[in-house]
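target28.txt follows; it contains compact mmCIF, C-alpha atoms.
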```txt
# COMPACT_ATOMS: atom_id res chain seq x y z
CA MET O 1 -40.26 32.67 -187.66
CA SER O 2 -42.91 31.79 -190.20
CA GLN O 3 -42.19 29.64 -193.25
CA SER O 4 -44.30 29.60 -196.37
CA ILE O 5 -45.12 27.55 -199.42
CA ALA O 6 -46.22 29.31 -202.59
CA ARG O 7 -49.85 28.72 -203.40
CA ALA O 8 -51.37 29.54 -206.76
CA PRO O 9 -53.27 32.81 -206.58
CA THR O 10 -56.98 32.61 -207.17
CA ALA O 11 -58.68 35.15 -209.37
CA PRO O 12 -59.38 37.98 -206.97
CA ARG O 13 -62.48 39.77 -205.74
CA LEU O 14 -61.51 42.95 -207.53
CA SER O 15 -61.87 46.43 -206.11
CA SER O 16 -63.41 49.35 -207.94
CA ARG O 17 -60.17 51.25 -208.48
CA THR O 18 -59.32 52.59 -211.89
CA PHE O 19 -56.56 50.41 -213.20
CA GLY O 20 -54.44 50.02 -216.32
CA LEU O 21 -51.34 48.26 -217.56
CA GLN O 22 -48.62 48.70 -220.12
CA GLN O 23 -46.36 45.85 -221.16
CA ARG O 24 -43.36 46.45 -223.35
CA ALA O 25 -40.70 44.00 -224.45
CA GLY O 26 -37.68 46.23 -225.02
CA GLY O 27 -35.04 45.22 -227.48
CA CYS O 28 -37.65 44.01 -230.02
CA SER O 29 -38.83 45.74 -233.15
CA SER O 30 -41.74 48.09 -232.70
CA ALA O 31 -43.92 45.68 -234.65
CA ARG O 32 -43.54 43.16 -231.84
CA HIS O 33 -44.23 45.54 -228.96
CA ALA O 34 -47.44 44.82 -227.10
CA THR O 35 -48.66 48.07 -225.55
CA LYS O 36 -51.95 48.79 -223.81
CA THR O 37 -52.31 52.00 -221.90
CA ALA O 38 -56.00 52.88 -221.65
CA PRO O 39 -57.01 52.77 -217.99
CA ARG O 40 -60.08 50.82 -217.12
CA ARG O 41 -62.16 50.28 -214.03
CA TRP O 42 -61.60 47.07 -212.12
CA ARG O 43 -64.27 44.46 -212.73
CA ALA O 44 -66.04 42.65 -209.94
CA PRO O 45 -66.29 38.91 -210.54
CA SER O 46 -69.68 37.54 -211.45
CA PRO O 47 -71.49 35.75 -208.62
CA PRO O 48 -70.83 32.18 -209.83
CA GLU O 49 -67.05 32.67 -209.62
CA HIS O 50 -66.77 32.98 -205.82
CA HIS O 51 -63.08 33.81 -205.97
CA ALA O 52 -61.17 34.39 -202.75
CA ASP O 53 -59.02 37.46 -202.22
CA HIS O 54 -55.90 36.35 -200.37
CA PRO O 55 -52.15 36.05 -200.95
CA PRO O 56 -50.92 32.79 -202.50
CA VAL O 57 -48.89 31.59 -199.53
CA VAL O 58 -49.37 29.08 -196.77
CA LEU O 59 -47.87 30.25 -193.52
CA LYS O 60 -46.25 27.97 -190.98
CA THR O 61 -47.03 29.36 -187.56
CA GLY O 62 -45.06 26.79 -185.59
CA ASP O 63 -48.16 25.30 -183.95
CA GLU O 64 -48.74 22.61 -186.59
CA ASP O 65 -47.70 19.01 -186.13
CA VAL O 66 -46.00 17.15 -188.97
CA GLU O 67 -49.25 15.60 -190.19
CA GLU O 68 -50.79 19.05 -190.57
CA LEU O 69 -47.72 20.33 -192.39
CA SER O 70 -47.85 17.35 -194.75
CA GLN O 71 -51.52 17.95 -195.48
CA GLU O 72 -50.94 21.64 -196.16
CA TYR O 73 -48.02 20.80 -198.43
CA THR O 74 -50.16 18.23 -200.26
CA ASP O 75 -52.97 20.74 -200.75
CA VAL O 76 -50.59 23.28 -202.28
CA MET O 77 -48.89 20.63 -204.41
CA GLN O 78 -52.15 19.36 -205.83
CA GLN O 79 -53.25 22.87 -206.72
CA ARG O 80 -49.95 23.97 -208.26
CA MET O 81 -49.27 20.72 -210.11
CA GLY O 82 -52.84 20.16 -211.25
CA SER O 83 -53.24 16.70 -209.74
CA ALA O 84 -55.75 15.61 -207.12
CA THR O 85 -53.98 12.29 -206.50
CA LEU O 86 -50.42 13.26 -205.58
CA THR O 87 -49.75 13.19 -201.85
CA TYR O 88 -46.77 13.56 -199.56
CA ARG O 89 -46.57 12.34 -195.97
CA HIS O 90 -43.34 13.57 -194.45
CA GLU O 91 -44.06 11.62 -191.28
CA ASP O 92 -43.75 8.33 -193.22
CA GLY O 93 -40.07 8.95 -193.88
CA MET O 94 -38.01 8.74 -197.05
CA ASN O 95 -39.51 7.00 -200.08
CA TYR O 96 -37.92 6.36 -203.45
CA SER O 97 -38.13 4.48 -206.76
CA ARG O 98 -35.33 3.01 -208.85
CA ILE O 99 -35.76 4.33 -212.39
CA LEU O 100 -32.59 2.98 -214.03
CA ASP O 101 -29.70 0.83 -212.92
CA ASP O 102 -27.86 4.03 -211.98
CA LEU O 103 -30.76 6.38 -211.15
CA ILE O 104 -33.16 6.67 -208.22
CA VAL O 105 -35.79 9.39 -207.78
CA GLY O 106 -37.13 9.95 -204.29
CA SER O 107 -38.21 12.21 -201.48
CA CYS O 108 -35.86 14.14 -199.23
CA LEU O 109 -33.39 12.55 -196.86
CA GLN O 110 -34.45 13.32 -193.29
CA THR O 111 -31.65 11.81 -191.18
CA PRO O 112 -28.06 10.57 -191.54
CA ALA O 113 -29.50 7.06 -191.29
CA ASP O 114 -31.33 7.69 -194.56
CA LEU O 115 -28.00 8.33 -196.23
CA ASP O 116 -26.68 5.02 -194.92
CA ILE O 117 -29.77 3.18 -196.15
CA ILE O 118 -29.43 4.32 -199.76
CA ALA O 119 -25.62 4.15 -199.79
CA ASP O 120 -25.38 0.63 -198.37
CA GLY O 121 -28.59 -0.81 -199.75
CA GLU O 122 -28.79 0.88 -203.16
CA ASN O 123 -25.13 1.65 -203.98
CA VAL O 124 -25.87 5.39 -204.07
CA ARG O 125 -22.71 7.42 -204.60
CA THR O 126 -24.24 10.79 -205.56
CA VAL O 127 -27.09 12.50 -203.70
CA MET O 128 -28.56 15.34 -205.77
CA CYS O 129 -30.63 17.66 -203.55
CA LEU O 130 -32.88 20.19 -205.29
CA GLN O 131 -34.48 21.69 -202.18
CA GLU O 132 -34.21 25.31 -201.16
CA ASP O 133 -33.42 26.20 -197.55
CA SER O 134 -37.04 27.26 -197.03
CA ASP O 135 -38.21 23.79 -198.12
CA MET O 136 -36.09 22.23 -195.39
CA ALA O 137 -37.15 24.77 -192.78
CA TYR O 138 -40.81 24.07 -193.46
CA PHE O 139 -40.38 20.49 -192.23
CA ASP O 140 -37.66 21.37 -189.69
CA LEU O 141 -35.02 19.45 -191.63
CA ASP O 142 -31.36 19.96 -190.73
CA VAL O 143 -29.08 19.06 -193.62
CA ALA O 144 -25.86 19.54 -191.63
CA PRO O 145 -25.86 16.08 -189.98
CA ILE O 146 -26.47 14.49 -193.39
CA LEU O 147 -23.54 16.39 -194.87
CA ASP O 148 -21.38 15.37 -191.91
CA ARG O 149 -22.32 11.73 -192.41
CA ALA O 150 -21.46 11.89 -196.11
CA ALA O 151 -18.06 13.38 -195.21
CA GLN O 152 -17.48 10.66 -192.60
CA ARG O 153 -18.29 7.90 -195.05
CA GLY O 154 -16.20 9.35 -197.85
CA ASP O 155 -17.95 7.27 -200.52
CA VAL O 156 -21.03 9.47 -201.10
CA ARG O 157 -21.05 12.97 -202.57
CA HIS O 158 -23.92 15.22 -201.50
CA VAL O 159 -24.62 17.93 -204.09
CA ARG O 160 -27.15 20.77 -203.93
CA HIS O 161 -28.73 22.73 -206.75
CA ARG O 162 -31.68 24.78 -205.51
CA ILE O 163 -34.85 24.96 -207.62
CA ARG O 164 -37.96 26.78 -206.45
CA ASP O 165 -40.86 24.43 -205.69
CA PHE O 166 -43.94 24.44 -207.95
CA ASP O 167 -42.35 27.03 -210.25
CA PRO O 168 -41.96 26.12 -213.95
CA PHE O 169 -39.86 29.21 -214.68
CA SER O 170 -37.35 28.38 -211.97
CA LEU O 171 -37.29 24.78 -213.20
CA ARG O 172 -36.61 25.91 -216.76
CA MET O 173 -33.84 28.27 -215.73
CA GLU O 174 -32.16 25.97 -213.22
CA LEU O 175 -32.40 22.65 -215.06
CA PRO O 176 -29.22 23.10 -217.11
CA GLY O 177 -27.17 23.73 -213.95
CA ALA O 178 -28.85 20.89 -212.07
CA VAL O 179 -28.34 18.38 -214.87
CA ALA O 180 -24.75 19.55 -215.36
CA ALA O 181 -24.01 18.95 -211.66
CA LEU O 182 -25.79 15.58 -211.76
CA ALA O 183 -23.99 14.40 -214.90
CA GLN O 184 -20.57 15.54 -213.75
CA ASN O 185 -20.89 13.89 -210.33
CA ALA O 186 -22.49 10.70 -211.64
CA GLU O 187 -19.59 10.24 -214.03
CA ALA O 188 -16.97 11.01 -211.39
CA ASN O 189 -18.52 9.00 -208.53
CA GLY O 190 -20.02 6.02 -210.34
CA GLY O 191 -22.66 3.87 -208.65
CA THR O 192 -26.22 5.15 -208.43
CA ALA O 193 -27.40 8.76 -208.35
CA TYR O 194 -30.23 9.60 -205.92
CA VAL O 195 -32.14 12.68 -207.11
CA HIS O 196 -34.57 14.27 -204.67
CA CYS O 197 -36.59 17.38 -203.95
CA THR O 198 -39.08 17.46 -201.06
CA ALA O 199 -41.67 14.90 -202.15
CA GLY O 200 -39.82 13.56 -205.18
CA LEU O 201 -42.83 14.27 -207.40
CA GLY O 202 -41.94 17.41 -209.39
CA ARG O 203 -38.44 18.86 -209.47
CA ALA O 204 -36.60 15.57 -208.95
CA PRO O 205 -38.34 13.56 -211.71
CA ALA O 206 -38.02 16.55 -214.06
CA THR O 207 -34.25 16.67 -213.46
CA ALA O 208 -34.03 12.91 -213.94
CA LEU O 209 -35.97 13.15 -217.22
CA ALA O 210 -33.70 15.91 -218.52
CA TRP O 211 -30.63 13.80 -217.66
CA MET O 212 -32.15 10.80 -219.45
CA TRP O 213 -33.01 12.92 -222.50
CA TRP O 214 -29.78 14.86 -222.76
CA PHE O 215 -27.20 12.37 -221.53
CA LYS O 216 -28.63 8.85 -221.73
CA ASP O 217 -30.06 8.77 -225.26
CA TRP O 218 -33.72 8.44 -224.26
CA HIS O 219 -36.43 10.23 -226.21
CA LEU O 220 -38.24 12.52 -223.77
CA GLU O 221 -41.68 10.95 -224.19
CA ASP O 222 -40.25 7.46 -223.78
CA ALA O 223 -38.39 8.55 -220.65
CA TYR O 224 -41.54 10.16 -219.24
CA GLU O 225 -43.62 7.03 -219.84
CA HIS O 226 -40.92 4.86 -218.26
CA LEU O 227 -40.39 7.05 -215.19
CA THR O 228 -44.05 7.77 -214.46
CA GLY O 229 -44.86 4.09 -214.99
CA ILE O 230 -42.57 3.35 -212.03
CA ARG O 231 -43.22 6.40 -209.84
CA ALA O 232 -46.51 8.28 -209.79
CA CYS O 233 -45.47 11.92 -210.25
CA LYS O 234 -46.07 14.93 -212.47
CA PRO O 235 -42.87 16.57 -213.74
CA ARG O 236 -43.31 19.58 -215.99
CA VAL O 237 -42.21 18.27 -219.38
CA GLN O 238 -42.65 21.61 -221.14
CA ALA O 239 -40.12 23.24 -218.81
CA ILE O 240 -37.64 20.52 -219.80
CA ARG O 241 -38.25 21.28 -223.46
CA GLU O 242 -37.84 25.01 -222.87
CA ALA O 243 -34.56 24.39 -221.03
CA ALA O 244 -33.22 22.34 -223.96
CA ALA O 245 -34.16 25.11 -226.40
CA ASP O 246 -32.50 27.65 -224.11
CA VAL O 247 -29.22 25.74 -223.96
CA LEU O 248 -29.08 25.28 -227.73
CA TYR O 249 -30.73 28.45 -229.03
CA GLY O 250 -31.09 30.69 -225.98
CA GLU O 251 -30.85 34.46 -225.98
CA PRO O 252 -30.00 37.08 -223.35
CA PRO O 253 -32.89 38.41 -221.25
CA THR O 254 -35.01 41.20 -222.67
CA PRO O 255 -36.12 44.29 -220.69
CA VAL O 256 -39.85 44.08 -219.93
CA LEU O 257 -41.68 47.08 -218.50
CA ILE O 258 -44.86 46.65 -216.45
CA THR O 259 -46.72 49.86 -215.61
CA LEU O 260 -49.71 50.78 -213.49
CA PRO O 261 -51.60 54.14 -213.37
CA ARG O 262 -51.28 55.88 -210.00
CA TYR O 263 -54.91 57.07 -209.92
CA GLY O 264 -56.37 56.47 -206.47
CA ILE O 265 -53.55 54.21 -205.32
CA GLU O 266 -51.94 54.90 -201.98
CA GLY O 267 -48.80 53.12 -200.86
CA VAL O 268 -46.60 50.89 -203.00
CA PRO O 269 -48.25 48.43 -205.39
CA GLN O 270 -46.51 45.11 -206.04
CA VAL O 271 -46.28 42.44 -208.71
CA ALA O 272 -46.13 38.68 -208.13
CA GLY O 273 -45.39 35.96 -210.66
CA LEU O 274 -43.18 36.79 -213.66
CA ASP O 275 -39.74 35.32 -212.89
CA VAL O 276 -40.00 35.28 -209.08
CA GLY O 277 -43.00 33.02 -208.54
CA TRP O 278 -46.18 33.52 -206.53
CA GLY O 279 -44.44 33.42 -203.17
CA GLN O 280 -42.53 36.66 -203.72
CA GLN O 281 -43.70 40.20 -204.40
CA LEU O 282 -41.80 42.88 -206.31
CA ASP O 283 -42.31 46.53 -205.35
CA MET O 284 -43.22 48.91 -208.13
CA ALA O 285 -41.84 52.46 -208.07
CA PRO O 286 -43.00 55.83 -209.39
CA ASP O 287 -41.99 56.12 -213.03
CA THR O 288 -39.29 58.80 -213.33
CA ARG O 289 -40.41 59.66 -216.85
CA PHE O 290 -44.18 59.67 -216.43
CA GLN O 291 -45.44 60.86 -213.06
CA HIS O 292 -48.93 59.43 -213.55
CA ARG O 293 -47.84 55.79 -213.24
CA PHE O 294 -45.87 53.18 -211.33
CA ALA O 295 -43.35 51.02 -213.17
CA LEU O 296 -41.48 47.76 -212.76
CA MET O 297 -38.66 46.67 -215.05
CA ARG O 298 -37.62 43.02 -215.30
CA HIS O 299 -35.14 41.35 -217.61
CA LEU O 300 -36.69 38.12 -218.87
CA PRO O 301 -35.56 35.48 -221.36
CA PRO O 302 -37.94 34.67 -224.21
CA GLY O 303 -41.11 32.99 -223.06
CA GLN O 304 -44.55 33.67 -221.59
CA TYR O 305 -44.96 34.95 -218.03
CA GLN O 306 -48.05 35.19 -215.84
CA PHE O 307 -48.39 37.77 -213.09
CA LYS O 308 -50.77 39.58 -210.77
CA PHE O 309 -50.85 42.98 -209.09
CA ILE O 310 -51.12 43.48 -205.33
CA ILE O 311 -52.65 46.72 -204.07
CA ASP O 312 -53.20 47.23 -200.35
CA GLY O 313 -52.77 43.51 -199.83
CA ARG O 314 -55.37 42.57 -202.43
CA TRP O 315 -54.49 40.53 -205.51
CA GLY O 316 -55.89 41.44 -208.91
CA TYR O 317 -55.47 41.46 -212.66
CA ALA O 318 -56.00 44.17 -215.27
CA PRO O 319 -59.05 43.19 -217.35
CA ASN O 320 -58.10 45.43 -220.29
CA CYS O 321 -54.83 43.55 -220.83
CA PRO O 322 -54.05 39.97 -221.86
CA THR O 323 -55.33 37.42 -219.35
CA ARG O 324 -54.95 33.66 -219.11
CA LEU O 325 -56.55 30.98 -217.00
CA ASP O 326 -54.14 28.87 -214.95
CA GLY O 327 -56.41 26.24 -213.46
CA ASP O 328 -58.99 28.30 -211.57
CA ASN O 329 -56.77 31.39 -211.55
CA LEU O 330 -57.11 34.28 -213.98
CA ASN O 331 -53.81 36.11 -214.41
CA ASN O 332 -52.28 38.73 -216.65
CA TRP O 333 -49.45 37.58 -218.87
CA VAL O 334 -46.76 38.95 -221.14
CA ALA O 335 -44.94 37.28 -224.02
CA VAL O 336 -41.25 37.97 -224.64
CA PRO O 337 -40.36 37.10 -228.25
CA TYR O 338 -37.11 35.72 -229.59
CA ALA O 339 -34.88 38.20 -231.38
CA ASN O 340 -33.31 35.60 -233.68
CA GLN O 341 -35.97 34.92 -236.28
CA ALA O 342 -33.75 33.01 -238.72
CA PRO O 343 -35.97 30.31 -240.29
CA GLU O 344 -33.65 27.43 -239.42
CA VAL O 345 -33.38 28.54 -235.78
CA GLN O 346 -37.13 29.09 -235.52
CA ALA O 347 -37.76 25.62 -236.93
CA ALA O 348 -35.32 23.99 -234.49
CA ARG O 349 -36.83 25.80 -231.49
CA GLN O 350 -40.34 24.89 -232.57
CA ARG O 351 -39.37 21.25 -232.95
CA LEU O 352 -37.89 21.12 -229.46
CA LEU O 353 -40.84 22.92 -227.87
CA THR O 354 -43.48 20.72 -229.51
CA PRO O 355 -44.61 17.50 -227.79
CA GLY O 356 -42.89 14.61 -229.54
CA GLY O 357 -40.07 16.81 -230.81
CA ARG O 358 -36.70 15.08 -230.67
CA LEU O 359 -33.11 16.15 -230.32
CA THR O 360 -30.81 15.55 -233.25
CA ASP O 361 -27.58 13.70 -232.54
CA GLU O 362 -25.69 16.96 -233.10
CA GLU O 363 -27.90 18.86 -230.64
CA ARG O 364 -27.53 16.19 -227.96
CA SER O 365 -23.76 16.21 -228.41
CA ARG O 366 -23.70 20.00 -228.15
CA ILE O 367 -25.76 19.98 -224.93
CA ARG O 368 -23.37 17.49 -223.37
CA GLN O 369 -20.35 19.55 -224.34
CA LEU O 370 -21.86 22.76 -222.99
CA LEU O 371 -23.01 21.28 -219.69
CA SER O 372 -19.76 19.40 -219.12
CA LYS O 373 -18.08 22.82 -218.92
CA LEU O 374 -20.72 24.52 -216.79
CA GLU O 375 -19.34 25.42 -213.38
CA PRO O 376 -21.53 24.48 -210.40
CA THR O 377 -23.48 27.37 -208.89
CA GLY O 378 -25.67 25.64 -206.31
CA GLY O 379 -28.76 27.02 -208.03
CA GLY O 380 -31.25 29.28 -206.36
CA THR O 381 -30.43 32.21 -208.62
CA THR O 382 -33.14 31.62 -211.23
CA GLY O 383 -30.59 33.21 -213.51
CA ASN O 384 -30.41 32.47 -217.20
CA LEU O 385 -27.95 29.60 -216.73
CA SER O 386 -28.84 28.18 -220.11
CA ALA O 387 -27.89 31.38 -221.93
CA ALA O 388 -24.65 31.49 -219.94
CA ALA O 389 -23.88 27.96 -221.06
CA ALA O 390 -24.63 28.78 -224.67
CA ASN O 391 -22.30 31.75 -224.56
```
Whole structure, structure tokens version:
Amino acid sequence: MSQSIARAPTAPRLSSRTFGLQQRAGGCSSARHATKTAPRRWRAPSPPEHHADHPPVVLKTGDEDVEELSQEYTDVMQQRMGSATLTYRHEDGMNYSRILDDLIVGSCLQTPADLDIIADGENVRTVMCLQEDSDMAYFDLDVAPILDRAAQRGDVRHVRHRIRDFDPFSLRMELPGAVAALAQNAEANGGTAYVHCTAGLGRAPATALAWMWWFKDWHLEDAYEHLTGIRACKPRVQAIREAAADVLYGEPPTPVLITLPRYGIEGVPQVAGLDVGWGQQLDMAPDTRFQHRFALMRHLPPGQYQFKFIIDGRWGYAPNCPTRLDGDNLNNWVAVPYANQAPEVQAARQRLLTPGGRLTDEERSRIRQLLSKLEPTGGGTTGNLSAAAAN
């Protein structure tokens, strides 16, 4: 069975099909609708661009050795996280950094012996695992023996909250649940909490930063400087800010309609990105109201979402609709506005979303109260956990 890691899509070598797009954020006033319907011919990239036309996934065939898997993972990580210096060598075993007296950020546990090392040598009493099952399968990790060892010991609690790798939307949506599970278990178990993803360079430091900001009275920028000064990594700080704004001032998801003219298209077109990431594709369907187009409806919380279309296996964007560069990748995007436009709420959201913006004491207290009551879900839903907490 093949395993895959999501790779950022490159701007495609576009076909000559006629192509158009309509984006509509339902539930908003008509003044805030963004609608573009005029079809337009696909553009071919200019010669200097040299963009590849391939899906954004790296397939594991089963023939690779661990060094090759590590190199492929590193290549994807560097592209998705925008850093040419971050590396991960799974074959070197577990690595970690102590951030605070009660907090360690590291790479994944690979064997029951790793659990013993951090429990006996570092006083770890909570292991917070943020990996998805596919992350473990990629490196042929079996978590069952680690869980068995934790149960045998009886002094270490192993907790999972799945967050999709290299995906800022999943991080934003899952952070409240992950931090809630971390905070609840750290308080109950005492000792040191060990927070890990696969490499310990993205999801794990982001979760640690959110915990420091929300529960340990650090300012976010100070926490970031402290953590990254100890462990070279690149957590997505903006996703942490968005998660905080969601918990405090979040709103239910809004219906968003993506449409595509049917002219000259055979088969079922797909959409990647939005809320599912680049490693998944959503099938469009013939619009029941307008026979000349395909449609896809998603329910998205406020924010900005990038996406691409896939037609006959080829990835592309609609040039007559909003586009945005993401590194070397040119994608379409849609903005979902907030419904609550009260000046005081707008000002609070803007403060939290702006670099340097700080939580008030009241906001920090409210986050702690909300997350202390949030039931564990195990993550992996990419649901609007923050809105659920706020309700």
**OP:** Using all atoms listed in the file, determine which residues lie at most 8 Å from Ala178 in chain O, disregarding the query and same-chain residues fewer than 4 positions distant; provide the list as a ChimeraX atom specification.
**Re:** /O:130,161,174,182,207,379
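Counting from CA of Tyr194 in chain O, the distance to CA of Ile118 in chain O is 8.2 Å.
Of the residues under consideration (O:Ser70, O:Trp278, O:Gly82, O:Glu363), O:Gly82 shows the shortest atom-to-atom contact distance to Gly327 in chain O when counting only C-alpha atoms.
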**OP:** Show which residues sit within 10 Å of Leu100 in chain O, as a VMD selection string. Count all atoms listed in the file, and ignore same-chain residues fewer than 4 positions away.
**Re:** chain O and resid 104 to 105 192 to 193 212 226 to 227
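Nearest to Val159 in chain O of all the residues O:Gly378, O:Pro319, O:Ile117, O:Asp63 is O:Gly378, counting only C-alpha atoms.
The smallest atom-to-atom distance between Asp140 in chain O and any of O:Arg164, O:Ser170, O:Asp92, O:Gly62, using all atoms listed in the file, is found for O:Gly62.
With all atoms listed in the file as the basis for measurement, O:Ala204 is the residue among O:Met173, O:Ala335, O:Val156, O:Ala204 that approaches Cys129 in chain O most closely.
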Subject >> Residue nearest Ser372 in chain O among O:Ala183, O:Met128, O:Cys108, O:Ala119 (counting only C-alpha atoms) >> reply: O:Ala183
Original post:
By how many Å are CA of Pro112 in chain O and CA of Leu209 in chain O apart?
Top reply: 27.0 Å
